[in-house]
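Participant: So that we are looking at the same thing, I have put the structure below in structure tokens.
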Amino acid sequence: MTDEEKFLKAIEKLRTSEKKVNFDQTIDLIINLKEFDVRRSAFNLFIQAPNKVKNKKIAGFFEKKSDLIDTIKKDNFVKFREKKDIKKLIKKYDFFVANAKLMPAVATTFGRILGPAGKMPSPQLGILPSEDENIIKDIINKINSSVRIIVKEPSIKIGIAKQSLTDEQIMQNAISVYHKILESLPRKKDNVKNVKIKLTMDKPVLVEI
């Protein structure tokens with residue numbers, strides 16, 4: 001049985017136990033590790049999934065107001081001199097993007113808070129060459145289908161899809177994230193103790209990997 005088939009089997013089992021709730025539950029991928037030294041081998045990944053993971057709240061540091069996402073204009077940076085004001089931003093938004101030419105000013109004004117929170121616009125996913133609408137639309141789509149994994153303990157739990165996706169789409173997202181994590185582990189599959197998937201309101205289901 002392939003990894004794809006194993007994930008599909010687990011997803012089908014998850015569907016049989018899913019509770020009826022009035023919201024679109026998140027499906028989490030849980031990878032428990034073994035013989036993994038977090039201090040030596042911790043890693044930080046952006047992984048692009050083939051299908052949307054979830055709609056994230058995004059703000060942009062731009063020169064002009066955008067109709068596509070909430071905008072923090074350059075001439076308003078002075079309003080964020082206090083740490084408490086920047087911390088409010090961090091709570092309000094999941095992700096920040098920026099016009100490349102504004103990055104020095106963004107780093108100066110917001111870096112001391114956004115950096116430690118892991119929310120600074122990055123070259124991997126968040127620094128834009130211009131404020132062109134098509135570029136902004138593209139980055140929104142990429143962000144909404146991406147997951148960020150910061151491994152600080154020997155158990156990884158990450159939302160990889162919404163319940164409303166098809167079983168095939170959920171499997172595709174799970175496989176892409178699982179394989180990328182495997183690539184980053186020092187001993188690959190030998191570092192994996194077990195793999196599970198779960199819905200927000202249900203118990204985890206083991207994936208027979």
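Letters for chains follow the order of the structure tokens (A, B, ...), residue numbers begin at 1 for each chain, and ligand numbers begin at 1 in the order shown.
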Skipping near chain neighbours, those fewer than 5 positions away, what residues fall within 7 Å of Ile156 in chain A using only C-alpha atoms, listed as a short mmCIF file (atom, residue, chain, number, x, y, z; two decimals) with C-alpha atoms, in the first residue's frame?
Facilitator:
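Once written, selection_12.cif looks like this:
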data_model
loop_
_atom_site.label_atom_id
_atom_site.label_comp_id
_atom_site.auth_asym_id
_atom_site.auth_seq_id
_atom_site.Cartn_x
_atom_site.Cartn_y
_atom_site.Cartn_z
CA ILE A 30 0.52 15.00 13.92
CA ILE A 31 4.02 13.57 13.54
CA ASN A 32 5.56 12.23 16.74
CA VAL A 151 10.05 22.33 15.23
#
Participant: Can you list, as a ChimeraX atom specification, every protein, DNA or RNA residue that comes within 7 Å of range 84-95 of chain A when you count only C-alpha atoms, leaving out same-chain residues fewer than 6 positions away?
Facilitator: /A:56-59,110,113,119
Participant: If we count only C-alpha atoms, what is near range 63-68 of chain A at a cut-off of 9 Å, once residues fewer than 4 positions away on the same chain are taken out, given as a list in words?
Facilitator: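 Near neighbours after the sequence-gap exclusion: Ile72, Lys73, Lys74, Asp75, Asn99, Leu102, Glu131, Glu133, Ile136, Lys137 and Ile140 of chain A.
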Participant: Per DSSP on the backbone, what are the helix (DSSP H, G or I) residues of range 20-204 of chain A, as a ChimeraX atom specification?
Facilitator: /A:38-41,74-80,83-92,100-114,133-144,167-184,188-191
Participant: Give me the residues within 8 Å of Ile170 in chain A as a PDB file with N, CA and C atoms, in the first residue's frame, counting only C-alpha atoms and dropping any in the same chain fewer than 2 places off.
Facilitator:
ATOM      1  N   ILE A  11      -8.089   8.915   6.516  1.00  0.00           N
ATOM      2  CA  ILE A  11      -9.060  10.007   6.332  1.00  0.00           C
ATOM      3  C   ILE A  11     -10.488   9.447   6.299  1.00  0.00           C
ATOM      4  N   ASN A  51      -3.417  22.316  -2.125  1.00  0.00           N
ATOM      5  CA  ASN A  51      -4.762  22.875  -1.966  1.00  0.00           C
ATOM      6  C   ASN A  51      -4.802  23.847  -0.785  1.00  0.00           C
ATOM      7  N   ILE A 160      -3.437  21.142   8.261  1.00  0.00           N
ATOM      8  CA  ILE A 160      -3.062  20.963   6.845  1.00  0.00           C
ATOM      9  C   ILE A 160      -4.247  21.083   5.882  1.00  0.00           C
ATOM     10  N   ALA A 161      -5.462  21.183   6.426  1.00  0.00           N
ATOM     11  CA  ALA A 161      -6.631  21.283   5.546  1.00  0.00           C
ATOM     12  C   ALA A 161      -7.874  21.601   6.365  1.00  0.00           C
ATOM     13  N   LYS A 162      -8.941  21.895   5.639  1.00  0.00           N
ATOM     14  CA  LYS A 162     -10.254  22.059   6.263  1.00  0.00           C
ATOM     15  C   LYS A 162     -11.118  20.840   5.926  1.00  0.00           C
ATOM     16  N   LEU A 165     -12.800  20.149   2.399  1.00  0.00           N
ATOM     17  CA  LEU A 165     -12.096  19.651   1.220  1.00  0.00           C
ATOM     18  C   LEU A 165     -12.460  18.186   0.974  1.00  0.00           C
ATOM     19  N   THR A 166     -12.224  17.710  -0.231  1.00  0.00           N
ATOM     20  CA  THR A 166     -12.471  16.292  -0.525  1.00  0.00           C
ATOM     21  C   THR A 166     -11.389  15.442   0.139  1.00  0.00           C
ATOM     22  N   ASP A 167     -11.667  14.142   0.277  1.00  0.00           N
ATOM     23  CA  ASP A 167     -10.668  13.235   0.845  1.00  0.00           C
ATOM     24  C   ASP A 167      -9.371  13.279   0.038  1.00  0.00           C
ATOM     25  N   GLU A 168      -9.501  13.347  -1.265  1.00  0.00           N
ATOM     26  CA  GLU A 168      -8.323  13.386  -2.145  1.00  0.00           C
ATOM     27  C   GLU A 168      -7.494  14.647  -1.893  1.00  0.00           C
ATOM     28  N   GLN A 172      -3.711  14.890  -0.455  1.00  0.00           N
ATOM     29  CA  GLN A 172      -2.636  15.575  -1.188  1.00  0.00           C
ATOM     30  C   GLN A 172      -1.880  16.547  -0.291  1.00  0.00           C
ATOM     31  N   ASN A 173      -2.624  17.308   0.514  1.00  0.00           N
ATOM     32  CA  ASN A 173      -1.980  18.246   1.447  1.00  0.00           C
ATOM     33  C   ASN A 173      -1.166  17.499   2.497  1.00  0.00           C
ATOM     34  N   ALA A 174      -1.757  16.443   3.050  1.00  0.00           N
ATOM     35  CA  ALA A 174      -1.069  15.671   4.092  1.00  0.00           C
ATOM     36  C   ALA A 174       0.221  15.062   3.565  1.00  0.00           C
TER      37      ALA A 174
END
Participant: Report the distance between CA of Pro204 in chain A and CA of Ser17 in chain A in Å, rounded to one decimal place.
Facilitator: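 Spanning CA of Pro204 in chain A to CA of Ser17 in chain A is a straight-line distance of 10.3 Å.
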Participant: Might you pull out every residue within 12 Å of Ala49 in chain A, with only C-alpha atoms counted and same-chain residues fewer than 5 positions away left off, and present them as a PyMOL selection string?
Facilitator: chain A and resi 54+141-148+159-161+169-180
Participant: Take the residues from that selection and put them in a file with N, CA and C atoms, as a CSV table (one decimal), in the first residue's frame.
Facilitator:
chain,number,residue,atom,x,y,z
A,54,LYS,N,-6.2,27.2,4.8
A,54,LYS,CA,-7.2,28.0,5.4
A,54,LYS,C,-7.0,29.5,5.0
A,141,ASN,N,-2.9,33.8,-2.4
A,141,ASN,CA,-3.2,32.3,-2.7
A,141,ASN,C,-2.1,31.4,-2.2
A,142,LYS,N,-0.8,31.8,-2.3
A,142,LYS,CA,0.3,31.0,-1.8
A,142,LYS,C,0.3,30.9,-0.3
A,143,ILE,N,0.0,32.1,0.4
A,143,ILE,CA,-0.1,32.1,1.8
A,143,ILE,C,-1.2,31.2,2.4
A,144,ASN,N,-2.4,31.3,1.7
A,144,ASN,CA,-3.5,30.5,2.2
A,144,ASN,C,-3.4,29.0,1.9
A,145,SER,N,-2.4,28.6,1.1
A,145,SER,CA,-2.2,27.2,0.8
A,145,SER,C,-0.8,26.7,1.4
A,146,SER,N,-0.3,27.5,2.3
A,146,SER,CA,1.0,27.2,2.9
A,146,SER,C,0.9,26.9,4.4
A,147,VAL,N,1.9,26.1,4.9
A,147,VAL,CA,1.9,25.9,6.3
A,147,VAL,C,3.4,26.2,6.7
A,148,ARG,N,3.5,26.8,7.9
A,148,ARG,CA,4.8,27.0,8.5
A,148,ARG,C,5.1,26.1,9.6
A,159,GLY,N,-2.0,22.3,11.2
A,159,GLY,CA,-3.2,22.2,10.4
A,159,GLY,C,-2.9,22.2,9.0
A,160,ILE,N,-3.4,21.1,8.3
A,160,ILE,CA,-3.1,21.0,6.8
A,160,ILE,C,-4.2,21.1,5.9
A,161,ALA,N,-5.5,21.2,6.4
A,161,ALA,CA,-6.6,21.3,5.5
A,161,ALA,C,-7.9,21.6,6.4
A,169,GLN,N,-8.2,15.8,-1.8
A,169,GLN,CA,-7.4,17.0,-1.5
A,169,GLN,C,-6.8,17.0,-0.1
A,170,ILE,N,-7.4,16.5,0.9
A,170,ILE,CA,-6.8,16.4,2.2
A,170,ILE,C,-5.6,15.5,2.1
A,171,MET,N,-5.7,14.4,1.4
A,171,MET,CA,-4.6,13.5,1.3
A,171,MET,C,-3.4,14.1,0.6
A,172,GLN,N,-3.7,14.9,-0.5
A,172,GLN,CA,-2.6,15.6,-1.2
A,172,GLN,C,-1.9,16.5,-0.3
A,173,ASN,N,-2.6,17.3,0.5
A,173,ASN,CA,-2.0,18.2,1.4
A,173,ASN,C,-1.2,17.5,2.5
A,174,ALA,N,-1.8,16.4,3.1
A,174,ALA,CA,-1.1,15.7,4.1
A,174,ALA,C,0.2,15.1,3.6
A,175,ILE,N,0.2,14.5,2.4
A,175,ILE,CA,1.3,13.8,1.8
A,175,ILE,C,2.4,14.9,1.5
A,176,SER,N,2.1,16.0,1.0
A,176,SER,CA,3.1,17.0,0.6
A,176,SER,C,3.8,17.5,1.9
A,177,VAL,N,3.0,17.8,3.0
A,177,VAL,CA,3.6,18.2,4.2
A,177,VAL,C,4.5,17.1,4.9
A,178,TYR,N,3.9,15.9,4.9
A,178,TYR,CA,4.6,14.8,5.5
A,178,TYR,C,6.0,14.5,4.8
A,179,HIS,N,6.0,14.5,3.5
A,179,HIS,CA,7.2,14.2,2.8
A,179,HIS,C,8.3,15.3,2.9
A,180,LYS,N,7.8,16.6,3.0
A,180,LYS,CA,8.7,17.7,3.2
A,180,LYS,C,9.4,17.6,4.6
Participant: Name the residues in contact with Leu206 in chain A at a cut-off of 10 Å, using only C-alpha atoms, excluding same-chain residues fewer than 4 positions from it; report them as a PDB file with N, CA and C atoms, in the first residue's frame.
Facilitator:
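Dumped to out.pdb:
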ATOM      1  N   LYS A   6      -2.501   4.881   2.313  1.00  0.00           N
ATOM      2  CA  LYS A   6      -2.538   4.808   3.778  1.00  0.00           C
ATOM      3  C   LYS A   6      -3.199   6.051   4.379  1.00  0.00           C
ATOM      4  N   PHE A   7      -2.870   7.219   3.802  1.00  0.00           N
ATOM      5  CA  PHE A   7      -3.502   8.455   4.286  1.00  0.00           C
ATOM      6  C   PHE A   7      -4.992   8.466   3.957  1.00  0.00           C
ATOM      7  N   LYS A   9      -6.974   5.949   3.661  1.00  0.00           N
ATOM      8  CA  LYS A   9      -7.631   5.008   4.573  1.00  0.00           C
ATOM      9  C   LYS A   9      -7.881   5.660   5.937  1.00  0.00           C
ATOM     10  N   ALA A  10      -6.886   6.398   6.431  1.00  0.00           N
ATOM     11  CA  ALA A  10      -7.027   7.081   7.725  1.00  0.00           C
ATOM     12  C   ALA A  10      -8.066   8.196   7.640  1.00  0.00           C
ATOM     13  N   ILE A  11      -8.089   8.915   6.516  1.00  0.00           N
ATOM     14  CA  ILE A  11      -9.060  10.007   6.332  1.00  0.00           C
ATOM     15  C   ILE A  11     -10.488   9.447   6.299  1.00  0.00           C
ATOM     16  N   LYS A  13     -11.506   6.763   7.765  1.00  0.00           N
ATOM     17  CA  LYS A  13     -11.833   6.396   9.147  1.00  0.00           C
ATOM     18  C   LYS A  13     -12.200   7.634   9.958  1.00  0.00           C
ATOM     19  N   LEU A  14     -11.484   8.729   9.703  1.00  0.00           N
ATOM     20  CA  LEU A  14     -11.771   9.993  10.385  1.00  0.00           C
ATOM     21  C   LEU A  14     -13.174  10.474  10.048  1.00  0.00           C
ATOM     22  N   ILE A  30      -0.336  15.123  12.736  1.00  0.00           N
ATOM     23  CA  ILE A  30       0.517  14.998  13.923  1.00  0.00           C
ATOM     24  C   ILE A  30       1.632  14.003  13.615  1.00  0.00           C
ATOM     25  N   ASN A 194       5.361   7.843  15.059  1.00  0.00           N
ATOM     26  CA  ASN A 194       4.060   7.531  14.453  1.00  0.00           C
ATOM     27  C   ASN A 194       3.470   8.787  13.819  1.00  0.00           C
ATOM     28  N   VAL A 195       2.457   8.573  12.996  1.00  0.00           N
ATOM     29  CA  VAL A 195       1.781   9.669  12.285  1.00  0.00           C
ATOM     30  C   VAL A 195       0.278   9.535  12.529  1.00  0.00           C
ATOM     31  N   LYS A 196      -0.372  10.639  12.858  1.00  0.00           N
ATOM     32  CA  LYS A 196      -1.812  10.635  13.099  1.00  0.00           C
ATOM     33  C   LYS A 196      -2.456  11.831  12.404  1.00  0.00           C
ATOM     34  N   ILE A 197      -3.749  11.737  12.176  1.00  0.00           N
ATOM     35  CA  ILE A 197      -4.524  12.890  11.714  1.00  0.00           C
ATOM     36  C   ILE A 197      -5.730  13.035  12.634  1.00  0.00           C
ATOM     37  N   LYS A 198      -6.198  14.268  12.787  1.00  0.00           N
ATOM     38  CA  LYS A 198      -7.364  14.470  13.647  1.00  0.00           C
ATOM     39  C   LYS A 198      -8.165  15.693  13.222  1.00  0.00           C
TER      40      LYS A 198
END
Participant: Rank A:Asn191, A:Ser164, A:Thr108, A:Thr2 by their smallest atom-to-atom distance to Lys52 in chain A, using only C-alpha atoms, and report the top residue only.
Facilitator: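 Of all the options, A:Ser164 lies closest to Lys52 in chain A.
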Participant: Take CA of Val205 in chain A and CA of Leu182 in chain A and report the distance between them in Å, one decimal.
Facilitator: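 Separation of CA of Val205 in chain A and CA of Leu182 in chain A: 19.6 Å.
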Participant: Measuring between only C-alpha atoms, which one of A:Asp37, A:Pro50, A:Ala105, A:Lys189 shows the shortest distance to Asn76 in chain A?
Facilitator: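 When distances to Asn76 in chain A are compared using only C-alpha atoms, the smallest one comes from A:Ala105.
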